[in-house]
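For reference, coords-v9.txt (compact mmCIF, C-alpha atoms and all ligand atoms):
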# COMPACT_ATOMS: atom_id res chain seq x y z
CA MET A 1214 -51.07 26.13 -21.01
CA ASN A 1215 -53.70 24.96 -18.57
CA LYS A 1216 -52.58 25.73 -14.98
CA ALA A 1217 -53.46 22.24 -13.69
CA VAL A 1218 -51.44 20.60 -16.50
CA ALA A 1219 -48.44 22.85 -15.78
CA THR A 1220 -48.56 22.03 -12.06
CA GLY A 1221 -48.83 18.33 -12.90
CA GLN A 1222 -45.75 18.56 -15.12
CA GLN A 1223 -43.81 20.37 -12.39
CA LYS A 1224 -44.75 17.64 -9.91
CA ASN A 1225 -43.64 14.93 -12.36
CA SER A 1226 -40.26 16.49 -12.98
CA ALA A 1227 -39.73 17.03 -9.24
CA LYS A 1228 -40.53 13.31 -8.76
CA LEU A 1229 -38.10 12.33 -11.52
CA ILE A 1230 -35.32 14.43 -9.98
CA ALA A 1231 -35.98 12.84 -6.56
CA VAL A 1232 -35.78 9.32 -8.07
CA CYS A 1233 -32.51 10.18 -9.86
CA GLN A 1234 -31.12 11.51 -6.57
CA ASP A 1235 -31.99 8.20 -4.87
CA TYR A 1236 -30.19 6.20 -7.57
CA TYR A 1237 -27.22 8.58 -7.34
CA GLU A 1238 -27.09 8.24 -3.53
CA MET A 1239 -26.86 4.44 -3.82
CA THR A 1240 -23.61 4.78 -5.78
CA LYS A 1241 -21.85 6.34 -2.68
CA PRO A 1242 -20.67 9.23 -4.88
CA LYS A 1243 -18.21 10.83 -2.43
CA VAL A 1244 -16.47 7.51 -1.73
CA VAL A 1245 -16.29 6.75 -5.46
CA MET A 1246 -14.84 10.24 -6.16
CA LEU A 1247 -11.98 9.57 -3.74
CA LEU A 1248 -11.46 6.09 -5.20
CA LEU A 1249 -11.23 7.71 -8.63
CA LEU A 1250 -8.70 10.25 -7.41
CA THR A 1251 -6.47 7.38 -6.24
CA ALA A 1252 -6.98 5.62 -9.60
CA LEU A 1253 -6.06 8.83 -11.45
CA VAL A 1254 -2.87 9.14 -9.42
CA GLY A 1255 -2.06 5.49 -10.21
CA MET A 1256 -2.47 6.31 -13.91
CA CYS A 1257 -0.28 9.42 -13.80
CA LEU A 1258 2.50 7.79 -11.78
CA ALA A 1259 2.61 4.87 -14.22
CA SER A 1260 3.96 7.08 -16.98
CA ASP A 1261 6.74 9.66 -17.40
CA THR A 1262 4.76 11.42 -20.13
CA TRP A 1263 1.15 12.61 -20.35
CA ILE A 1264 -1.29 9.72 -20.49
CA SER A 1265 -3.68 9.36 -23.43
CA TRP A 1266 -7.16 10.89 -23.14
CA GLN A 1267 -8.76 7.61 -24.17
CA ILE A 1268 -7.17 5.68 -21.30
CA LEU A 1269 -7.89 8.51 -18.85
CA VAL A 1270 -11.58 8.87 -19.73
CA ALA A 1271 -12.37 5.19 -20.39
CA GLY A 1272 -10.32 4.01 -17.41
CA LEU A 1273 -11.94 6.38 -14.91
CA THR A 1274 -15.43 5.79 -16.34
CA GLY A 1275 -15.08 2.01 -16.22
CA ILE A 1276 -13.56 1.94 -12.73
CA GLY A 1277 -16.19 4.49 -11.58
CA PHE A 1278 -19.11 2.45 -12.98
CA LEU A 1279 -17.91 -0.81 -11.43
CA SER A 1280 -17.21 0.85 -8.04
CA SER A 1281 -20.67 2.46 -8.14
CA ALA A 1282 -22.24 -0.91 -9.00
CA ALA A 1283 -20.46 -2.46 -5.99
CA ALA A 1284 -21.87 0.31 -3.77
CA VAL A 1285 -25.42 -0.25 -5.10
CA ILE A 1286 -25.17 -4.02 -4.44
CA ASN A 1287 -23.98 -3.17 -0.90
CA HIS A 1288 -27.17 -1.09 -0.42
CA VAL A 1289 -29.32 -4.06 -1.47
CA VAL A 1290 -27.50 -6.75 0.51
CA ASP A 1291 -27.31 -4.58 3.65
CA ARG A 1292 -30.90 -3.31 3.60
CA ARG A 1293 -31.83 -5.08 6.87
CA ILE A 1294 -28.72 -3.84 8.71
CA ASP A 1295 -29.10 -0.34 7.24
CA SER A 1296 -32.73 -0.12 8.39
CA GLN A 1297 -31.55 -0.66 12.01
CA MET A 1298 -28.85 2.02 12.10
CA ALA A 1299 -29.47 5.75 12.68
CA ARG A 1300 -26.79 6.64 10.08
CA THR A 1301 -28.32 4.54 7.30
CA PHE A 1302 -32.03 3.91 7.95
CA ASN A 1303 -32.94 6.71 5.55
CA ARG A 1304 -31.25 5.12 2.53
CA PRO A 1305 -33.43 4.57 -0.56
CA VAL A 1306 -33.74 0.74 -0.30
CA PRO A 1307 -34.52 0.38 3.45
CA LYS A 1308 -36.90 3.35 3.12
CA GLY A 1309 -38.73 1.50 0.33
CA LYS A 1310 -38.14 4.31 -2.17
CA ILE A 1311 -36.33 1.94 -4.54
CA THR A 1312 -37.06 -1.80 -4.67
CA PRO A 1313 -34.15 -4.26 -4.36
CA GLN A 1314 -34.99 -5.55 -7.85
CA LYS A 1315 -34.71 -2.11 -9.46
CA ALA A 1316 -31.49 -1.41 -7.57
CA LEU A 1317 -30.02 -4.71 -8.77
CA ILE A 1318 -30.98 -3.96 -12.39
CA PHE A 1319 -29.22 -0.58 -12.00
CA ALA A 1320 -26.14 -2.32 -10.57
CA ALA A 1321 -26.15 -4.87 -13.40
CA LEU A 1322 -26.35 -2.09 -16.00
CA LEU A 1323 -23.46 -0.20 -14.41
CA SER A 1324 -21.40 -3.41 -14.13
CA VAL A 1325 -21.90 -4.52 -17.73
CA LEU A 1326 -21.27 -1.02 -19.10
CA GLY A 1327 -18.20 -0.52 -16.91
CA TYR A 1328 -16.74 -3.90 -17.81
CA ILE A 1329 -17.29 -3.39 -21.57
CA ILE A 1330 -15.69 0.08 -21.44
CA LEU A 1331 -12.59 -1.32 -19.71
CA GLU A 1332 -12.38 -4.36 -21.98
CA LEU A 1333 -12.82 -2.39 -25.22
CA TRP A 1334 -10.90 0.83 -24.55
CA VAL A 1335 -8.47 0.02 -21.74
CA ASN A 1336 -7.32 -3.59 -21.38
CA ARG A 1337 -8.49 -7.00 -20.17
CA LEU A 1338 -6.22 -7.09 -17.10
CA THR A 1339 -7.76 -3.87 -15.76
CA ALA A 1340 -11.28 -5.08 -16.57
CA LEU A 1341 -10.71 -8.35 -14.68
CA LEU A 1342 -8.98 -6.73 -11.68
CA THR A 1343 -11.76 -4.15 -11.38
CA LEU A 1344 -14.38 -6.88 -11.55
CA ALA A 1345 -12.47 -8.80 -8.86
CA SER A 1346 -12.55 -5.66 -6.67
CA LEU A 1347 -16.32 -5.43 -7.17
CA VAL A 1348 -16.69 -9.07 -6.08
CA GLY A 1349 -14.28 -8.41 -3.17
CA TYR A 1350 -16.41 -5.56 -1.84
CA ALA A 1351 -19.97 -6.49 -2.82
CA VAL A 1352 -19.75 -10.25 -2.25
CA ILE A 1353 -16.79 -11.18 -0.02
CA TYR A 1354 -16.90 -8.14 2.31
CA THR A 1355 -20.61 -7.27 2.32
CA MET A 1356 -22.18 -10.73 2.19
CA TYR A 1357 -19.69 -12.67 4.35
CA LEU A 1358 -16.89 -10.82 6.19
CA LYS A 1359 -18.99 -7.94 7.48
CA ARG A 1360 -21.23 -10.41 9.33
CA ALA A 1361 -18.51 -12.87 10.33
CA THR A 1362 -15.44 -11.25 11.90
CA PRO A 1363 -14.19 -7.95 13.38
CA GLN A 1364 -11.31 -8.21 10.88
CA ASN A 1365 -13.98 -7.68 8.16
CA ILE A 1366 -12.81 -4.22 7.13
CA VAL A 1367 -9.13 -5.13 7.31
CA ILE A 1368 -9.50 -7.95 4.77
CA GLY A 1369 -12.33 -6.26 2.83
CA GLY A 1370 -10.23 -3.10 2.68
CA LEU A 1371 -8.19 -4.67 -0.10
CA ALA A 1372 -11.03 -4.06 -2.59
CA GLY A 1373 -11.24 -0.37 -1.72
CA ALA A 1374 -7.45 -0.11 -1.84
CA ALA A 1375 -7.22 -1.50 -5.38
CA PRO A 1376 -7.92 1.63 -7.51
CA PRO A 1377 -4.29 2.93 -7.73
CA LEU A 1378 -3.35 -0.49 -9.15
CA LEU A 1379 -6.33 -0.37 -11.51
CA GLY A 1380 -5.20 3.07 -12.69
CA TRP A 1381 -1.65 1.82 -13.14
CA THR A 1382 -2.63 -1.29 -15.13
CA SER A 1383 -4.92 0.89 -17.30
CA VAL A 1384 -1.79 2.64 -18.55
CA THR A 1385 0.80 -0.15 -18.60
CA GLY A 1386 -1.22 -3.37 -18.90
CA GLU A 1387 0.86 -4.99 -16.17
CA ILE A 1388 1.05 -5.25 -12.38
CA ASN A 1389 3.91 -3.29 -10.85
CA ALA A 1390 5.52 -3.20 -7.38
CA GLN A 1391 5.21 0.59 -7.07
CA ALA A 1392 1.47 0.33 -7.77
CA LEU A 1393 1.21 -2.34 -5.07
CA LEU A 1394 2.88 0.06 -2.64
CA LEU A 1395 0.10 2.60 -3.26
CA VAL A 1396 -2.42 -0.20 -2.61
CA LEU A 1397 -0.60 -1.00 0.65
CA ILE A 1398 -0.89 2.63 1.78
CA ILE A 1399 -4.69 2.62 1.38
CA PHE A 1400 -4.89 -0.88 2.86
CA VAL A 1401 -3.18 0.31 6.08
CA TRP A 1402 -5.17 3.59 6.07
CA THR A 1403 -8.54 1.80 5.98
CA PRO A 1404 -8.69 0.41 9.58
CA PRO A 1405 -8.10 3.78 11.33
CA HIS A 1406 -10.45 5.42 8.79
CA PHE A 1407 -13.30 3.07 9.52
CA TRP A 1408 -12.76 2.20 13.19
CA ALA A 1409 -12.85 5.89 14.16
CA LEU A 1410 -16.37 6.07 12.71
CA ALA A 1411 -17.25 2.68 14.22
CA ILE A 1412 -16.37 3.99 17.71
CA HIS A 1413 -18.74 6.92 17.18
CA ARG A 1414 -21.44 4.54 15.89
CA GLU A 1415 -20.73 1.60 18.23
CA LYS A 1416 -24.32 1.45 19.53
CA ASP A 1417 -25.69 1.38 15.97
CA TYR A 1418 -23.52 -1.61 15.06
CA ALA A 1419 -24.31 -3.40 18.34
CA ARG A 1420 -28.05 -2.96 17.75
CA ALA A 1421 -27.75 -4.30 14.19
CA GLN A 1422 -25.55 -7.16 15.49
CA VAL A 1423 -22.67 -6.37 13.14
CA PRO A 1424 -19.41 -7.65 14.70
CA MET A 1425 -17.35 -4.48 14.24
CA LEU A 1426 -14.22 -4.20 16.42
CA PRO A 1427 -15.66 -1.76 19.04
CA VAL A 1428 -18.62 -4.13 19.51
CA THR A 1429 -16.60 -7.34 19.83
CA HIS A 1430 -13.42 -6.07 21.55
CA GLY A 1431 -14.50 -2.81 23.16
CA ILE A 1432 -13.77 0.85 22.47
CA ASP A 1433 -10.45 0.98 24.31
CA PHE A 1434 -8.98 -1.92 22.31
CA THR A 1435 -10.21 -0.28 19.09
CA LYS A 1436 -8.51 3.00 20.02
CA THR A 1437 -5.23 1.16 20.60
CA SER A 1438 -5.62 -0.59 17.24
CA ILE A 1439 -6.23 2.76 15.52
CA LEU A 1440 -3.09 4.23 17.10
CA LEU A 1441 -0.96 1.23 16.07
CA TYR A 1442 -2.27 1.27 12.48
CA THR A 1443 -1.60 5.01 12.30
CA ILE A 1444 2.03 4.45 13.35
CA LEU A 1445 2.29 1.67 10.73
CA LEU A 1446 0.79 4.04 8.16
CA LEU A 1447 3.46 6.65 8.88
CA VAL A 1448 6.14 4.03 8.21
CA VAL A 1449 4.50 2.63 5.06
CA CYS A 1450 4.04 6.17 3.71
CA LEU A 1451 7.82 6.69 3.93
CA LEU A 1452 8.46 3.81 1.52
CA PRO A 1453 7.71 5.68 -1.74
CA TYR A 1454 10.44 8.18 -0.79
CA LEU A 1455 12.88 5.54 0.45
CA ILE A 1456 12.66 3.49 -2.76
CA GLY A 1457 13.07 6.60 -4.94
CA MET A 1458 9.52 6.51 -6.28
CA ALA A 1459 8.73 9.97 -4.86
CA GLY A 1460 10.78 13.03 -3.90
CA LEU A 1461 10.95 15.77 -1.28
CA ILE A 1462 7.53 17.32 -1.91
CA TYR A 1463 6.01 13.95 -1.12
CA LEU A 1464 8.26 13.33 1.90
CA VAL A 1465 7.33 16.65 3.52
CA GLY A 1466 3.63 16.46 2.62
CA SER A 1467 3.21 12.87 3.69
CA THR A 1468 5.09 13.35 6.97
CA LEU A 1469 2.96 16.37 7.92
CA LEU A 1470 -0.24 14.51 7.09
CA ASN A 1471 0.81 11.47 9.10
CA ILE A 1472 1.80 13.60 12.09
CA GLY A 1473 -1.71 15.09 11.87
CA PHE A 1474 -3.30 11.64 11.77
CA LEU A 1475 -1.11 10.50 14.65
CA TYR A 1476 -2.18 13.56 16.66
CA TYR A 1477 -5.87 12.61 16.28
CA ALA A 1478 -5.19 8.91 17.01
CA TRP A 1479 -3.20 9.86 20.13
CA LYS A 1480 -5.89 12.24 21.31
CA LEU A 1481 -8.55 9.59 20.68
CA LYS A 1482 -6.67 7.10 22.86
CA PHE A 1483 -5.47 9.34 25.69
CA ALA A 1484 -7.49 12.58 25.74
CA SER A 1485 -10.74 11.86 23.96
CA THR A 1486 -13.77 14.12 24.08
CA GLU A 1487 -17.18 13.33 22.59
CA ASP A 1488 -16.15 14.65 19.17
CA THR A 1489 -12.68 13.13 18.82
CA ALA A 1490 -13.73 9.91 17.04
CA MET A 1491 -15.69 11.81 14.37
CA GLN A 1492 -12.87 14.36 14.00
CA THR A 1493 -10.42 11.49 13.47
CA PHE A 1494 -12.72 9.92 10.84
CA LYS A 1495 -13.08 13.25 8.99
CA PHE A 1496 -9.35 13.85 9.12
CA SER A 1497 -8.70 10.39 7.65
CA ILE A 1498 -10.56 11.39 4.48
CA ILE A 1499 -8.64 14.68 4.17
CA HIS A 1500 -5.41 12.76 4.86
CA LEU A 1501 -5.89 10.31 1.99
CA MET A 1502 -7.15 12.93 -0.45
CA VAL A 1503 -4.28 15.35 0.20
CA LEU A 1504 -1.72 12.50 0.29
CA PHE A 1505 -2.65 11.47 -3.25
CA VAL A 1506 -2.72 15.07 -4.50
CA VAL A 1507 0.77 15.51 -3.02
CA LEU A 1508 1.94 12.33 -4.79
CA LEU A 1509 0.67 13.83 -8.04
CA LEU A 1510 2.34 17.21 -7.45
CA ASP A 1511 5.57 15.46 -6.54
CA HIS A 1512 5.42 13.42 -9.76
CA TYR A 1513 5.10 16.48 -12.01
CA PHE A 1514 7.21 19.01 -10.07
CA ARG A 1515 9.84 16.72 -8.64
CA PHE A 1516 13.18 18.17 -7.65
C1 LIG A 1601 -13.49 -1.73 3.76
C2 LIG A 1601 -13.08 -0.48 3.58
C3 LIG A 1601 -13.89 0.72 4.01
C4 LIG A 1601 -14.88 0.80 4.93
C5 LIG A 1601 -15.47 -0.30 5.78
C6 LIG A 1601 -15.36 2.18 4.92
C7 LIG A 1601 -16.41 2.65 5.66
C8 LIG A 1601 -16.95 3.90 5.54
C9 LIG A 1601 -18.17 4.32 6.18
C10 LIG A 1601 -19.05 3.44 7.04
C11 LIG A 1601 -18.38 5.60 5.83
C12 LIG A 1601 -19.53 6.50 6.28
C13 LIG A 1601 -20.48 6.64 5.16
C14 LIG A 1601 -21.65 7.49 5.57
O1 LIG A 1601 -21.49 8.44 6.35
O2 LIG A 1601 -22.73 7.19 5.07
C15 LIG A 1601 -17.29 6.00 4.99
C16 LIG A 1601 -17.17 7.24 4.43
C17 LIG A 1601 -16.24 7.58 3.50
N1 LIG A 1601 -15.27 6.76 3.01
FE1 LIG A 1601 -14.84 4.89 3.64
N2 LIG A 1601 -14.63 2.90 4.03
C18 LIG A 1601 -13.74 2.04 3.45
C19 LIG A 1601 -12.83 2.33 2.48
C20 LIG A 1601 -12.76 3.56 1.86
C21 LIG A 1601 -11.86 3.85 0.77
C22 LIG A 1601 -10.89 2.85 0.14
C23 LIG A 1601 -12.09 5.14 0.43
C24 LIG A 1601 -11.44 5.98 -0.64
C25 LIG A 1601 -10.27 5.75 -1.16
C26 LIG A 1601 -13.11 5.67 1.31
C27 LIG A 1601 -13.58 6.95 1.27
C28 LIG A 1601 -14.60 7.44 2.04
C29 LIG A 1601 -15.17 8.78 1.91
C30 LIG A 1601 -14.72 9.87 0.94
C31 LIG A 1601 -16.19 8.86 2.83
C32 LIG A 1601 -17.11 10.07 3.11
C33 LIG A 1601 -18.41 9.85 2.39
C34 LIG A 1601 -19.44 10.93 2.65
O3 LIG A 1601 -19.19 11.88 3.38
O4 LIG A 1601 -20.55 10.75 2.08
N3 LIG A 1601 -13.48 4.68 2.17
N4 LIG A 1601 -16.43 4.96 4.83
C1 LIG A 1602 -14.51 -1.89 -8.10
C2 LIG A 1602 -14.12 -1.36 -6.78
C3 LIG A 1602 -12.87 -0.58 -6.69
C4 LIG A 1602 -14.93 -1.59 -5.73
C5 LIG A 1602 -14.80 -1.00 -4.39
C6 LIG A 1602 -16.05 -0.21 -4.14
C7 LIG A 1602 -16.24 0.59 -2.91
C8 LIG A 1602 -17.44 1.45 -2.99
C9 LIG A 1602 -15.43 0.55 -1.82
C10 LIG A 1602 -15.59 1.43 -0.62
C11 LIG A 1602 -15.64 0.69 0.67
C12 LIG A 1602 -16.74 1.17 1.59
C13 LIG A 1602 -17.42 2.46 1.44
C14 LIG A 1602 -17.10 0.35 2.56
C15 LIG A 1602 -18.21 0.64 3.53
O1 LIG A 1602 -19.17 -0.34 3.45
P1 LIG A 1602 -20.12 -0.58 4.67
O2 LIG A 1602 -21.23 -1.48 4.21
O3 LIG A 1602 -19.36 -1.06 5.84
O4 LIG A 1602 -20.61 0.89 4.99
P2 LIG A 1602 -22.09 1.49 5.04
O5 LIG A 1602 -22.67 1.06 6.36
O6 LIG A 1602 -21.91 2.98 4.96
O7 LIG A 1602 -22.84 0.92 3.86
Written as structure tokens, how would this file's structure read?
Ligand code: HEM
Ligand SMILES: CC(C)=CCC/C(C)=C/CC/C(C)=C/COP(=O)(O)OP(=O)(O)O
Amino acid sequence: MNKAVATGQQKNSAKLIAVCQDYYEMTKPKVVMLLLLTALVGMCLASDTWISWQILVAGLTGIGFLSSAAAVINHVVDRRIDSQMARTFNRPVPKGKITPQKALIFAALLSVLGYIILELWVNRLTALLTLASLVGYAVIYTMYLKRATPQNIVIGGLAGAAPPLLGWTSVTGEINAQALLLVLIIFVWTPPHFWALAIHREKDYARAQVPMLPVTHGIDFTKTSILLYTILLLVVCLLPYLIGMAGLIYLVGSTLLNIGFLYYAWKLKFASTEDTAMQTFKFSIIHLMVLFVVLLLDHYFRF
């Protein structure tokens, strides 16, 4: 083969890979992975036996596609804000690597596919609840709340907290109090998760004029709020054990994780160094991931 043609082909495939990476980045893959873990745990806890492969695969694919679509819409709607923040200015839409139109077509494709998968192979309730979560995050949180009130992430957090319920309804076709308890755990976890990062990025949010809590009420007030939510989280996390939904493995695991979270929140409030806010944010992600793995282990190896 001609050397120039071969080099041209190499350049084209490198370009294609780069474009695919940009589309992939817009789906917030790591966030969606954790959302899917919580949905998987919702599915497993909904049943005393093994769940069917069809529900598992179709449920996770549908919930994953709709969550990814919500994340892509967030990239489009927030392109002005993102272009003003050091953490996000390099994203594909503000950088001009992907046009808003193309991103929206991608989001529409993911949404339609995800909805059809849930409707055809899971059930209508799950399809509708997942669509409502997409609207909750992409429209209610991103378009309105984020720009309107420092309670934005508290209220908007409900959409991100929904996946355990979506997993549960995938298996049973109905809404259940135990599933709502899992939603409550993530709902209470979200403020300390996000506000820790918001403290670290306070100047970014102030510059972009986004009314996040550290911007509107100050860093000290935000630290107190984080500490109080972390205490509330410890209490809420005890409920699955207290109502007999989970056993000792969960009780021990969850208590250790919450003591860890409390340690970071305490340090952030009373003995903070430059890194403490980011360490607290990183720990929050480990906390939720391990908490849901522990719930799963407890479900299958309960004694
Ligand atoms: C309204 C609710 C939430 C807000 C405002 C929020 C905000 C954020 C922000 C701003 C980041 C930083 C992203 C970056 O570095 O580019 C982040 C990271 C992350 N969030 Fe959340 N989050 C929320 C809910 C959730 C939920 C429900 C989950 C999962 C169950 C989650 C999982 C994660 C993960 C895994 C990361 C790390 C992503 C990475 O390293 O790329 N978040 N979150
Ligand atoms: C269907 C379903 C379950 C939808 C939920 C989808 C979803 C991706 C929820 C995660 C919440 C999240 C990452 C919020 C951050 O947005 P931000 O705009 O404040 O953060 P950013 O500045 O990093 O974009």
Which residues of chain A have any atom within 9 Å of an atom in ligand LIG 1601 (chain A) when counting all atoms listed in the file, and what is the closest pair of atoms for each, with the distance in Å to one decimal? Order the rows by chain and rising number and write it as JSON lines.
{"residue": "A:Glu1238", "atom": "CA", "partner": "A:LIG1601", "partner_atom": "O4", "distance": 9.0}
{"residue": "A:Lys1241", "atom": "CA", "partner": "A:LIG1601", "partner_atom": "O4", "distance": 6.6}
{"residue": "A:Pro1242", "atom": "CA", "partner": "A:LIG1601", "partner_atom": "O4", "distance": 7.1}
{"residue": "A:Lys1243", "atom": "CA", "partner": "A:LIG1601", "partner_atom": "C33", "distance": 4.9}
{"residue": "A:Val1244", "atom": "CA", "partner": "A:LIG1601", "partner_atom": "C30", "distance": 4.0}
{"residue": "A:Val1245", "atom": "CA", "partner": "A:LIG1601", "partner_atom": "C24", "distance": 6.9}
{"residue": "A:Met1246", "atom": "CA", "partner": "A:LIG1601", "partner_atom": "C30", "distance": 7.1}
{"residue": "A:Leu1247", "atom": "CA", "partner": "A:LIG1601", "partner_atom": "C24", "distance": 4.8}
{"residue": "A:Leu1248", "atom": "CA", "partner": "A:LIG1601", "partner_atom": "C25", "distance": 4.2}
{"residue": "A:Leu1249", "atom": "CA", "partner": "A:LIG1601", "partner_atom": "C25", "distance": 7.8}
{"residue": "A:Leu1250", "atom": "CA", "partner": "A:LIG1601", "partner_atom": "C25", "distance": 7.9}
{"residue": "A:Thr1251", "atom": "CA", "partner": "A:LIG1601", "partner_atom": "C25", "distance": 6.6}
{"residue": "A:Arg1300", "atom": "CA", "partner": "A:LIG1601", "partner_atom": "O2", "distance": 6.5}
{"residue": "A:Thr1301", "atom": "CA", "partner": "A:LIG1601", "partner_atom": "O2", "distance": 6.6}
{"residue": "A:Tyr1350", "atom": "CA", "partner": "A:LIG1601", "partner_atom": "C1", "distance": 7.4}
{"residue": "A:Tyr1354", "atom": "CA", "partner": "A:LIG1601", "partner_atom": "C1", "distance": 7.4}
{"residue": "A:Lys1359", "atom": "CA", "partner": "A:LIG1601", "partner_atom": "C5", "distance": 8.6}
{"residue": "A:Asn1365", "atom": "CA", "partner": "A:LIG1601", "partner_atom": "C1", "distance": 7.4}
{"residue": "A:Ile1366", "atom": "CA", "partner": "A:LIG1601", "partner_atom": "C1", "distance": 4.2}
{"residue": "A:Val1367", "atom": "CA", "partner": "A:LIG1601", "partner_atom": "C1", "distance": 6.6}
{"residue": "A:Ile1368", "atom": "CA", "partner": "A:LIG1601", "partner_atom": "C1", "distance": 7.5}
{"residue": "A:Gly1369", "atom": "CA", "partner": "A:LIG1601", "partner_atom": "C1", "distance": 4.8}
{"residue": "A:Gly1370", "atom": "CA", "partner": "A:LIG1601", "partner_atom": "C1", "distance": 3.7}
{"residue": "A:Leu1371", "atom": "CA", "partner": "A:LIG1601", "partner_atom": "C1", "distance": 7.2}
{"residue": "A:Ala1372", "atom": "CA", "partner": "A:LIG1601", "partner_atom": "C1", "distance": 7.2}
{"residue": "A:Gly1373", "atom": "CA", "partner": "A:LIG1601", "partner_atom": "C22", "distance": 3.7}
{"residue": "A:Ala1374", "atom": "CA", "partner": "A:LIG1601", "partner_atom": "C22", "distance": 5.0}
{"residue": "A:Ala1375", "atom": "CA", "partner": "A:LIG1601", "partner_atom": "C22", "distance": 7.9}
{"residue": "A:Pro1376", "atom": "CA", "partner": "A:LIG1601", "partner_atom": "C25", "distance": 7.9}
{"residue": "A:Ile1399", "atom": "CA", "partner": "A:LIG1601", "partner_atom": "C22", "distance": 6.3}
{"residue": "A:Phe1400", "atom": "CA", "partner": "A:LIG1601", "partner_atom": "C22", "distance": 7.6}
{"residue": "A:Trp1402", "atom": "CA", "partner": "A:LIG1601", "partner_atom": "C22", "distance": 8.3}
{"residue": "A:Thr1403", "atom": "CA", "partner": "A:LIG1601", "partner_atom": "C19", "distance": 5.6}
{"residue": "A:Pro1404", "atom": "CA", "partner": "A:LIG1601", "partner_atom": "C2", "distance": 7.5}
{"residue": "A:His1406", "atom": "CA", "partner": "A:LIG1601", "partner_atom": "FE1", "distance": 6.8}
{"residue": "A:Phe1407", "atom": "CA", "partner": "A:LIG1601", "partner_atom": "C7", "distance": 5.0}
{"residue": "A:Trp1408", "atom": "CA", "partner": "A:LIG1601", "partner_atom": "C5", "distance": 8.3}
{"residue": "A:Leu1410", "atom": "CA", "partner": "A:LIG1601", "partner_atom": "C10", "distance": 6.8}
{"residue": "A:Ala1411", "atom": "CA", "partner": "A:LIG1601", "partner_atom": "C10", "distance": 7.4}
{"residue": "A:Phe1494", "atom": "CA", "partner": "A:LIG1601", "partner_atom": "C16", "distance": 8.3}
{"residue": "A:Lys1495", "atom": "CA", "partner": "A:LIG1601", "partner_atom": "C32", "distance": 7.8}
{"residue": "A:Ser1497", "atom": "CA", "partner": "A:LIG1601", "partner_atom": "C28", "distance": 8.7}
{"residue": "A:Ile1498", "atom": "CA", "partner": "A:LIG1601", "partner_atom": "C30", "distance": 5.7}
{"residue": "A:Ile1499", "atom": "CA", "partner": "A:LIG1601", "partner_atom": "C30", "distance": 8.4}
{"residue": "A:Leu1501", "atom": "CA", "partner": "A:LIG1601", "partner_atom": "C25", "distance": 7.1}
{"residue": "A:Met1502", "atom": "CA", "partner": "A:LIG1601", "partner_atom": "C25", "distance": 7.9}
Extending 3 Å beyond the listed atoms of ligand LIG 1602 (chain A) on each side, what axis-aligned box results? I want centre and edge lengths in Å to one decimal, as AutoDock Vina command-line options.
--center_x -17.9 --center_y 0.5 --center_z -0.9 --size_x 16.0 --size_y 10.9 --size_z 20.5
Best match for closeness to Gly1277 (chain A) among A:Thr1437, A:Ser1485, A:Ser1346, A:Thr1262, counting only C-alpha atoms: A:Ser1346
Spatial neighbours of Lys1315 (chain A), max dist 12 Å, only C-alpha atoms, sep filter under 2 positions, as a count of residues only: 21
Scan for residues within 10 Å of the point (-14.8, -4.6, -20.1) in the coordinates of the file, using all atoms listed in the file, and reply as a CSV table (one decimal) with C-alpha atoms, in the frame of the given file.
chain,number,residue,atom,x,y,z
A,1275,GLY,CA,-15.1,2.0,-16.2
A,1276,ILE,CA,-13.6,1.9,-12.7
A,1279,LEU,CA,-17.9,-0.8,-11.4
A,1324,SER,CA,-21.4,-3.4,-14.1
A,1325,VAL,CA,-21.9,-4.5,-17.7
A,1326,LEU,CA,-21.3,-1.0,-19.1
A,1327,GLY,CA,-18.2,-0.5,-16.9
A,1328,TYR,CA,-16.7,-3.9,-17.8
A,1329,ILE,CA,-17.3,-3.4,-21.6
A,1330,ILE,CA,-15.7,0.1,-21.4
A,1331,LEU,CA,-12.6,-1.3,-19.7
A,1332,GLU,CA,-12.4,-4.4,-22.0
A,1333,LEU,CA,-12.8,-2.4,-25.2
A,1334,TRP,CA,-10.9,0.8,-24.6
A,1335,VAL,CA,-8.5,0.0,-21.7
A,1336,ASN,CA,-7.3,-3.6,-21.4
A,1337,ARG,CA,-8.5,-7.0,-20.2
A,1338,LEU,CA,-6.2,-7.1,-17.1
A,1339,THR,CA,-7.8,-3.9,-15.8
A,1340,ALA,CA,-11.3,-5.1,-16.6
A,1341,LEU,CA,-10.7,-8.4,-14.7
A,1343,THR,CA,-11.8,-4.2,-11.4
A,1344,LEU,CA,-14.4,-6.9,-11.6
Computed interatomic separation between CA of Gly1255 (chain A) and CA of Gln1364 (chain A) (Å):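 So the answer is 26.8 Å.
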Could you rebuild region 1257-1261 of chain A with N, CA and C atoms and give it back as a short mmCIF file (atom, residue, chain, number, x, y, z; two decimals), in the coordinates of the input?
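Once written, result_13.cif looks like this:
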data_model
loop_
_atom_site.label_atom_id
_atom_site.label_comp_id
_atom_site.auth_asym_id
_atom_site.auth_seq_id
_atom_site.Cartn_x
_atom_site.Cartn_y
_atom_site.Cartn_z
N CYS A 1257 -1.31 8.41 -13.53
CA CYS A 1257 -0.28 9.42 -13.80
C CYS A 1257 1.11 8.94 -13.40
N LEU A 1258 1.19 8.24 -12.25
CA LEU A 1258 2.50 7.79 -11.78
C LEU A 1258 3.06 6.65 -12.64
N ALA A 1259 2.16 6.00 -13.40
CA ALA A 1259 2.61 4.87 -14.22
C ALA A 1259 3.39 5.32 -15.45
N SER A 1260 3.34 6.63 -15.74
CA SER A 1260 3.96 7.08 -16.98
C SER A 1260 4.81 8.34 -16.76
N ASP A 1261 5.90 8.46 -17.51
CA ASP A 1261 6.74 9.66 -17.40
C ASP A 1261 6.22 10.77 -18.30
#
